[in-house]
Amino acid sequence: MVFSFLISVVMLVIGFAFFTGKAASYIKDYQNMEEEEKQNIKIDVLCKNISLLFFIASAIFGLAGLSEVFRQNYFKWVMLGWFVLATLDVIYIGKSKRFVHVFTPTGKEAVPVSRKRKKGR
C-alpha cells in the first residue's frame, strides 16, 4: 500500500516535470541533438503528451494504494491497458506531424489549412 503511494507520487512529480517542460533537458537523445534538429521538434507539445501518460499512471498507482480490492483484482489489467495506451501513444508520436514544425520553402512555419483564418472573419 505504501509502495503504491510512493510510486504514485514519483509518477506525479515526473508528470509535472514534463508538463512544465523542465524534464525535456533530461532526455538524453534530445540533449544530443543538434540545435537545428531541436528547432524542428515541438518539445512543449511532446512534453505535455508524455506528462499525460505519467499522470494516468500516477492515478492508477494511487487507486491501487487506496483500494485493496482494486489492487488484487483489477490493477494488473488496468496496467496492461496503460501499457497498450503508452505503446499506441509512442506510435502516434512517431507518425503524427503534431510534434514537429513543418516549414515552407521561405522558412516560415506552415499553418495547417484547418487553422488558417478565412477572409472576412
# chains A, B, ... in the order shown; residues from 1 in each chain; ligands from 1

$ closest_atom_pairs --of "range 36-93 of chain A" --to "range 98-102 of chain A" --cutoff "7 Å" --atoms "only C-alpha atoms" --output "CSV"
residue,atom,partner,partner_atom,distance
A:Asn40,CA,A:His101,CA,5.0
A:Ile41,CA,A:Val100,CA,4.5
A:Lys42,CA,A:Phe99,CA,5.0
A:Val45,CA,A:Phe99,CA,6.4
A:Leu46,CA,A:Phe99,CA,6.0
A:Ile93,CA,A:Phe99,CA,6.9

$ write_last_selection --atoms "N, CA and C atoms" --output "CSV table (one decimal), in the first residue's frame"
chain,number,residue,atom,x,y,z
A,40,ASN,N,13.2,21.8,-34.9
A,40,ASN,CA,12.1,21.1,-35.6
A,40,ASN,C,11.1,20.4,-34.8
A,41,ILE,N,11.4,20.2,-33.5
A,41,ILE,CA,10.5,19.5,-32.6
A,41,ILE,C,9.8,20.4,-31.7
A,42,LYS,N,8.5,20.2,-31.6
A,42,LYS,CA,7.6,21.0,-30.7
A,42,LYS,C,7.7,20.3,-29.3
A,45,VAL,N,4.7,20.6,-26.7
A,45,VAL,CA,3.6,19.7,-27.0
A,45,VAL,C,3.9,18.3,-26.7
A,46,LEU,N,5.1,17.9,-27.1
A,46,LEU,CA,5.5,16.5,-26.8
A,46,LEU,C,5.6,16.2,-25.3
A,93,ILE,N,3.1,9.4,-31.7
A,93,ILE,CA,4.1,10.4,-31.7
A,93,ILE,C,5.0,10.2,-32.9

$ closest_residue --among "A:Gly81, A:Gly94, A:Gly21, A:Gly15" --to "Ile43 in chain A" --atoms "only C-alpha atoms"
A:Gly21

$ select_by_dssp --residues "range 44-111 of chain A" --states "alpha helix (DSSP H)" --output "ChimeraX atom specification"
/A:44-66,68-73,75-95

$ atom_distance --atom1 "CA of Phe70 in chain A" --atom2 "CA of Lys48 in chain A"
27.9 Å

$ atom_distance --atom1 "CA of Leu80 in chain A" --atom2 "CA of Lys28 in chain A"
26.9 Å

$ closest_residue --among "A:Asn73, A:Ser25, A:Ser51, A:Ser67" --to "Met11 in chain A" --atoms "only C-alpha atoms"
A:Ser51

$ residues_around --residues "Val13 in chain A" --least-positions-apart "3" --cutoff "10 Å" --atoms "only C-alpha atoms" --output "number ranges by chain"
A: 7-10, 16-19, 51, 54-55, 58

$ atom_distance --atom1 "CA of Leu66 in chain A" --atom2 "CA of Met1 in chain A"
7.3 Å

$ select_by_dssp --residues "chain A" --states "strand (DSSP E or B)" --output "list in words"
Ile41, Val100, Phe103 and Glu109 of chain A

$ write_last_selection --atoms "C-alpha atoms" --output "compact mmCIF listing (two decimals), in the first residue's frame"
# COMPACT_ATOMS: atom_id res chain seq x y z
CA ILE A 41 10.54 19.45 -32.58
CA VAL A 100 7.24 18.61 -35.46
CA PHE A 103 8.41 24.83 -42.61
CA GLU A 109 6.23 27.65 -40.25
